[in-house]
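Just upload-v1.txt here, compact mmCIF, C-alpha atoms:
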# COMPACT_ATOMS: atom_id res chain seq x y z
CA GLY J 1 38.80 -145.83 122.35
CA ALA J 2 38.76 -145.99 118.59
CA GLY J 3 35.56 -147.01 116.90
CA VAL J 4 34.99 -148.87 113.66
CA SER J 5 36.74 -147.18 110.76
CA GLN J 6 36.15 -147.62 107.07
CA SER J 7 38.11 -146.52 104.04
CA PRO J 8 37.76 -144.95 101.66
CA ARG J 9 34.83 -142.83 102.80
CA TYR J 10 33.90 -142.12 99.17
CA LYS J 11 34.65 -144.09 96.05
CA VAL J 12 33.71 -143.36 92.47
CA ALA J 13 34.18 -146.21 90.05
CA LYS J 14 33.47 -146.59 86.38
CA ARG J 15 31.17 -149.41 85.46
CA GLY J 16 33.17 -152.57 85.06
CA GLN J 17 35.95 -151.61 87.49
CA ASP J 18 36.81 -153.63 90.57
CA VAL J 19 36.70 -151.95 93.98
CA ALA J 20 37.91 -152.90 97.46
CA LEU J 21 36.39 -151.46 100.61
CA ARG J 22 38.18 -151.77 103.93
CA CYS J 23 36.83 -152.12 107.44
CA ASP J 24 38.86 -151.84 110.64
CA PRO J 25 36.71 -153.15 113.49
CA ILE J 26 37.09 -152.27 117.12
CA SER J 27 40.14 -154.08 118.45
CA GLY J 28 39.30 -157.48 119.88
CA HIS J 29 35.82 -157.67 118.42
CA VAL J 30 34.99 -161.19 117.36
CA SER J 31 32.14 -160.54 114.97
CA LEU J 32 32.12 -158.40 111.85
CA PHE J 33 29.20 -157.57 109.57
CA TRP J 34 28.83 -155.90 106.21
CA TYR J 35 25.62 -154.15 105.17
CA GLN J 36 24.55 -152.41 101.99
CA GLN J 37 22.40 -149.30 102.28
CA ALA J 38 20.77 -147.98 99.13
CA LEU J 39 19.72 -144.34 99.04
CA GLY J 40 16.66 -143.72 101.19
CA GLN J 41 16.49 -147.27 102.51
CA GLY J 42 17.53 -149.20 105.58
CA PRO J 43 20.73 -151.24 105.64
CA GLU J 44 20.55 -154.76 104.23
CA PHE J 45 22.74 -157.58 105.49
CA LEU J 46 25.48 -158.84 103.21
CA THR J 47 27.78 -161.11 105.20
CA TYR J 48 29.01 -162.04 108.68
CA PHE J 49 32.38 -163.15 110.05
CA GLN J 50 33.23 -164.74 113.35
CA ASN J 51 36.96 -164.15 113.65
CA GLU J 52 38.34 -165.22 110.26
CA ALA J 53 35.47 -167.56 109.42
CA GLN J 54 32.76 -166.31 107.10
CA LEU J 55 29.73 -167.94 108.68
CA ASP J 56 26.98 -166.32 106.66
CA LYS J 57 27.18 -164.85 103.18
CA SER J 58 23.55 -165.24 102.31
CA GLY J 59 23.08 -161.53 101.68
CA LEU J 60 25.74 -161.12 99.01
CA PRO J 61 23.75 -160.13 95.90
CA SER J 62 25.90 -161.90 93.32
CA ASP J 63 29.14 -163.74 92.81
CA ARG J 64 30.73 -160.39 91.98
CA PHE J 65 30.76 -159.65 95.70
CA PHE J 66 33.45 -161.20 97.84
CA ALA J 67 34.47 -160.54 101.43
CA GLU J 68 37.41 -161.70 103.48
CA ARG J 69 38.85 -161.32 106.95
CA PRO J 70 42.01 -163.41 106.77
CA GLU J 71 43.48 -162.65 110.20
CA GLY J 72 40.25 -162.12 112.09
CA SER J 73 40.59 -158.36 112.31
CA VAL J 74 40.54 -156.12 109.22
CA SER J 75 38.00 -157.07 106.57
CA THR J 76 37.80 -156.22 102.88
CA LEU J 77 34.67 -156.24 100.75
CA LYS J 78 35.52 -156.59 97.10
CA ILE J 79 33.15 -155.93 94.24
CA GLN J 80 34.20 -157.09 90.82
CA ARG J 81 32.98 -155.62 87.53
CA THR J 82 30.92 -152.96 89.29
CA GLN J 83 27.45 -152.14 88.00
CA GLN J 84 25.35 -149.03 88.53
CA GLU J 85 23.04 -150.92 90.87
CA ASP J 86 26.02 -151.43 93.20
CA SER J 87 25.93 -147.71 94.04
CA ALA J 88 25.16 -147.54 97.76
CA VAL J 89 26.69 -146.93 101.15
CA TYR J 90 28.50 -149.99 102.49
CA LEU J 91 28.42 -150.18 106.26
CA CYS J 92 30.64 -152.30 108.44
CA ALA J 93 29.78 -153.20 112.04
CA SER J 94 31.61 -155.15 114.71
CA SER J 95 30.50 -156.89 117.86
CA PRO J 96 32.52 -157.99 120.87
CA ARG J 97 31.19 -161.55 121.07
CA ASP J 98 29.97 -164.23 118.74
CA SER J 99 26.45 -164.00 120.00
CA SER J 100 25.88 -160.44 120.94
CA TYR J 101 23.21 -157.92 120.46
CA GLU J 102 25.71 -155.09 120.40
CA GLN J 103 26.78 -153.89 116.98
CA TYR J 104 28.99 -150.86 116.54
CA PHE J 105 28.84 -149.30 113.10
CA GLY J 106 31.46 -147.50 111.08
CA PRO J 107 30.78 -144.35 109.05
CA GLY J 108 30.35 -146.27 105.82
CA THR J 109 31.83 -146.06 102.34
CA ARG J 110 29.71 -144.33 99.73
CA LEU J 111 30.24 -146.08 96.40
CA THR J 112 29.09 -144.37 93.22
CA VAL J 113 29.34 -146.32 89.98
CA THR J 114 29.19 -144.16 86.86
CA ALA E 115 11.02 -164.63 107.64
CA GLN E 116 11.60 -161.49 109.60
CA LYS E 117 10.31 -158.09 108.61
CA ILE E 118 10.33 -154.59 110.08
CA THR E 119 7.74 -152.03 109.07
CA GLN E 120 8.04 -148.31 109.68
CA THR E 121 4.99 -146.61 108.21
CA GLN E 122 6.09 -143.00 108.70
CA PRO E 123 8.53 -141.91 105.98
CA GLY E 124 8.82 -138.49 107.59
CA MET E 125 7.82 -136.82 110.84
CA PHE E 126 7.93 -133.27 112.11
CA VAL E 127 8.03 -132.25 115.75
CA GLN E 128 8.35 -128.94 117.50
CA GLU E 129 11.45 -128.47 119.63
CA LYS E 130 10.90 -129.53 123.27
CA GLU E 131 7.89 -131.65 122.44
CA ALA E 132 7.70 -135.45 122.52
CA VAL E 133 7.41 -137.60 119.39
CA THR E 134 6.62 -141.26 118.75
CA LEU E 135 8.17 -143.15 115.86
CA ASP E 136 6.27 -146.30 114.91
CA CYS E 137 7.75 -149.75 114.36
CA THR E 138 6.04 -153.08 113.88
CA TYR E 139 7.81 -156.35 113.32
CA ASP E 140 7.08 -159.85 112.15
CA THR E 141 8.86 -162.95 113.35
CA SER E 142 7.96 -166.46 114.37
CA ASP E 143 10.91 -166.63 116.73
CA GLN E 144 10.24 -166.45 120.46
CA SER E 145 13.61 -164.97 121.38
CA TYR E 146 14.64 -161.77 119.68
CA GLY E 147 15.95 -158.29 120.26
CA LEU E 148 14.63 -154.98 119.02
CA PHE E 149 16.80 -151.94 118.43
CA TRP E 150 16.57 -148.35 117.42
CA TYR E 151 19.39 -146.59 115.61
CA LYS E 152 19.81 -142.94 114.67
CA GLN E 153 21.57 -142.05 111.44
CA PRO E 154 22.47 -138.37 111.09
CA SER E 155 23.57 -136.92 107.78
CA SER E 156 27.15 -137.96 108.56
CA GLY E 157 26.05 -141.54 107.91
CA GLU E 158 27.13 -143.33 111.07
CA MET E 159 24.54 -145.53 112.75
CA ILE E 160 24.21 -144.57 116.41
CA PHE E 161 22.70 -147.09 118.80
CA LEU E 162 19.88 -145.63 120.87
CA ILE E 163 18.01 -148.33 122.75
CA TYR E 164 17.49 -152.10 123.00
CA GLN E 165 14.51 -154.23 124.07
CA GLY E 166 14.69 -157.98 124.57
CA SER E 167 11.65 -160.05 123.79
CA TYR E 168 11.56 -161.43 127.31
CA ASP E 169 12.04 -158.10 129.04
CA GLU E 170 8.92 -157.29 130.99
CA GLN E 171 9.63 -153.61 131.38
CA ASN E 172 9.94 -151.09 128.59
CA ALA E 173 13.50 -149.99 127.94
CA THR E 174 14.54 -146.43 128.67
CA GLU E 175 17.76 -144.57 127.90
CA GLY E 176 17.73 -140.93 128.86
CA ARG E 177 15.24 -139.13 126.60
CA TYR E 178 14.54 -142.32 124.67
CA SER E 179 12.02 -144.94 125.67
CA LEU E 180 10.70 -147.94 123.81
CA ASN E 181 7.00 -148.69 123.99
CA PHE E 182 7.06 -152.48 123.62
CA GLN E 183 3.74 -154.21 122.98
CA LYS E 184 4.62 -157.82 122.35
CA ALA E 185 1.15 -159.07 121.50
CA ARG E 186 0.82 -156.39 118.84
CA LYS E 187 4.42 -156.88 117.70
CA SER E 188 5.06 -153.23 118.11
CA ALA E 189 8.20 -151.42 119.35
CA ASN E 190 7.65 -147.71 119.06
CA LEU E 191 10.37 -145.22 119.97
CA VAL E 192 9.39 -142.24 122.09
CA ILE E 193 11.71 -139.24 122.16
CA SER E 194 10.90 -136.77 124.90
CA ALA E 195 11.85 -133.09 124.89
CA SER E 196 13.00 -133.08 121.26
CA GLN E 197 16.14 -131.16 120.40
CA LEU E 198 17.30 -129.73 117.09
CA GLY E 199 20.11 -132.31 117.09
CA ASP E 200 17.53 -135.09 117.03
CA SER E 201 16.86 -134.36 113.36
CA ALA E 202 18.02 -137.52 111.56
CA MET E 203 16.90 -140.83 110.08
CA TYR E 204 15.71 -143.36 112.64
CA PHE E 205 15.81 -147.08 111.97
CA CYS E 206 14.08 -149.85 113.84
CA ALA E 207 15.89 -153.19 113.65
CA MET E 208 15.50 -156.72 114.90
CA ARG E 209 17.72 -159.70 115.47
CA ALA E 210 16.06 -163.06 116.08
CA ASP E 211 18.12 -165.81 117.66
CA ASN E 212 17.11 -168.47 115.16
CA TYR E 213 17.79 -166.37 112.11
CA GLY E 214 21.50 -165.88 112.38
CA GLN E 215 23.57 -163.00 113.58
CA ASN E 216 22.46 -160.25 111.25
CA PHE E 217 20.04 -157.42 111.89
CA VAL E 218 16.98 -156.81 109.80
CA PHE E 219 16.30 -153.09 109.44
CA GLY E 220 13.16 -151.18 108.61
CA PRO E 221 13.03 -148.52 105.89
CA GLY E 222 13.48 -145.71 108.39
CA THR E 223 11.68 -142.54 109.43
CA ARG E 224 13.14 -139.11 108.81
CA LEU E 225 12.56 -136.89 111.83
CA SER E 226 12.76 -133.14 111.51
CA VAL E 227 12.76 -131.03 114.66
CA LEU E 228 11.44 -127.53 114.12
CA PRO E 229 12.70 -124.55 116.14
Mind turning the file's structure into structure tokens?
Amino acid sequence: GAGVSQSPRYKVAKRGQDVALRCDPISGHVSLFWYQQALGQGPEFLTYFQNEAQLDKSGLPSDRFFAERPEGSVSTLKIQRTQQEDSAVYLCASSPRDSSYEQYFGPGTRLTVT
Amino acid sequence: AQKITQTQPGMFVQEKEAVTLDCTYDTSDQSYGLFWYKQPSSGEMIFLIYQGSYDEQNATEGRYSLNFQKARKSANLVISASQLGDSAMYFCAMRADNYGQNFVFGPGTRLSVLP
């Protein structure tokens, strides 16, 4: 079956632009996670959804970051007024249950802010 | 707070030999899970193996085994019979039941398998 997909795979933005990153989780998966992975580092948690409810956004680095999952499936991570420090790979993962150790990751979106 | 430490930024291993990638963790939670993921240059995180904190036996998945030493808070990954395709970044991660749903990842170890 289809895995987690993310689009675009690569995004170049000029500083100050807004960007939107999309995640299509595995069909039927309840939980969805966003992570930020800086170059040469491990992924860091940004936010978590259970269906359409955003239950944890403690990892979002600033109020320029916003995530939504309005219908409990596709999710969008939006970054407003991008800064150079936002350059990273943004990973999306989904999980079949609300309390599950299984997380299936997408290929990521590499964001470069110039 | 939870923390994962991987002290080996890079490792080399000869093809067909075994290699151990180190991982130590810190948590005050009694119930937690430990994971290893492989990240090749394509970027996708590939799940390798899982160990629950209450599992008495070390987890094994094919050529991968997890050397779990709970008292030392250590969860080392052992890859047997290394293959060229094993060259990648390897991340140790933890999820503790009382700290929400997210994973905490270590900084990773880059493994290079030599022919």
| So which residues touch E:Ser188 within 6 Å, counting all atoms listed in the file, skipping near sequence neighbours fewer than 2 positions away, as a VMD selection string? | chain E and resid 137 to 138 182 to 183 186
| Got a sec: who's within 6 Å of stretch 124-135 of chain E, counting all atoms listed in the file, leaving out chain neighbours fewer than 2 positions off, as a PyMOL selection string? | chain E and resi 122+190-197+223-229
| field | Interface, chain E side, toward chain J (12 Å; all atoms listed in the file) as a PyMOL selection string | value | chain E and resi 117-120+123-124+145-166+203-224
| task | Mind checking which residues fall within 9 Å of J:Lys14, counting all atoms listed in the file, ignoring those fewer than 4 positions away in the same chain, and posting them as a ChimeraX atom specification? | result | /J:18,82-84,112-114
First collect every listed atom of stretch 46-59 of chain J; then fit an axis-aligned box around them, widen it by 8 Å on each side, and give centre and edge lengths in Å to one decimal, as lines of an AutoDock Vina configuration file.
center_x = 30.7
center_y = -163.4
center_z = 107.7
size_x = 31.3
size_y = 25.1
size_z = 28.0
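For the atom pair formed by atom CA of E:Asn181 and atom CA of E:Thr141, the distance is 17.9 Å, given to one decimal.
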| task | Grab the atom CA of E:Lys184 to atom CA of E:Ala202 distance for me, in Å with one decimal place. | result | 26.6 Å
| said: Would you compute the distance between atom CA of J:Gln6 and atom CA of J:Asp24? Give it in Å to one decimal. | reply: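 Atom CA of J:Asp24 lies 6.2 Å from atom CA of J:Gln6.
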Export of stretch 203-226 of chain E: C-alpha atoms, as a compact mmCIF listing (two decimals), in the first residue's frame:
# COMPACT_ATOMS: atom_id res chain seq x y z
CA MET E 203 22.67 7.42 9.28
CA TYR E 204 21.29 5.49 12.24
CA PHE E 205 19.13 7.14 14.86
CA CYS E 206 18.19 5.87 18.28
CA ALA E 207 14.86 7.18 19.55
CA MET E 208 12.64 6.89 22.58
CA ARG E 209 9.01 7.44 23.40
CA ALA E 210 8.01 7.53 27.06
CA ASP E 211 4.37 7.04 27.93
CA ASN E 212 4.18 10.00 30.29
CA TYR E 213 5.81 12.44 27.93
CA GLY E 214 3.28 12.55 25.15
CA GLN E 215 3.19 10.91 21.78
CA ASN E 216 6.33 12.26 20.20
CA PHE E 217 9.68 10.56 19.76
CA VAL E 218 12.90 11.98 21.08
CA PHE E 219 15.79 11.23 18.72
CA GLY E 220 19.51 11.09 19.27
CA PRO E 221 21.98 12.96 17.06
CA GLY E 222 22.68 9.88 14.96
CA THR E 223 25.67 7.79 13.91
CA ARG E 224 26.86 7.67 10.33
CA LEU E 225 27.81 4.11 9.41
CA SER E 226 30.04 3.45 6.45
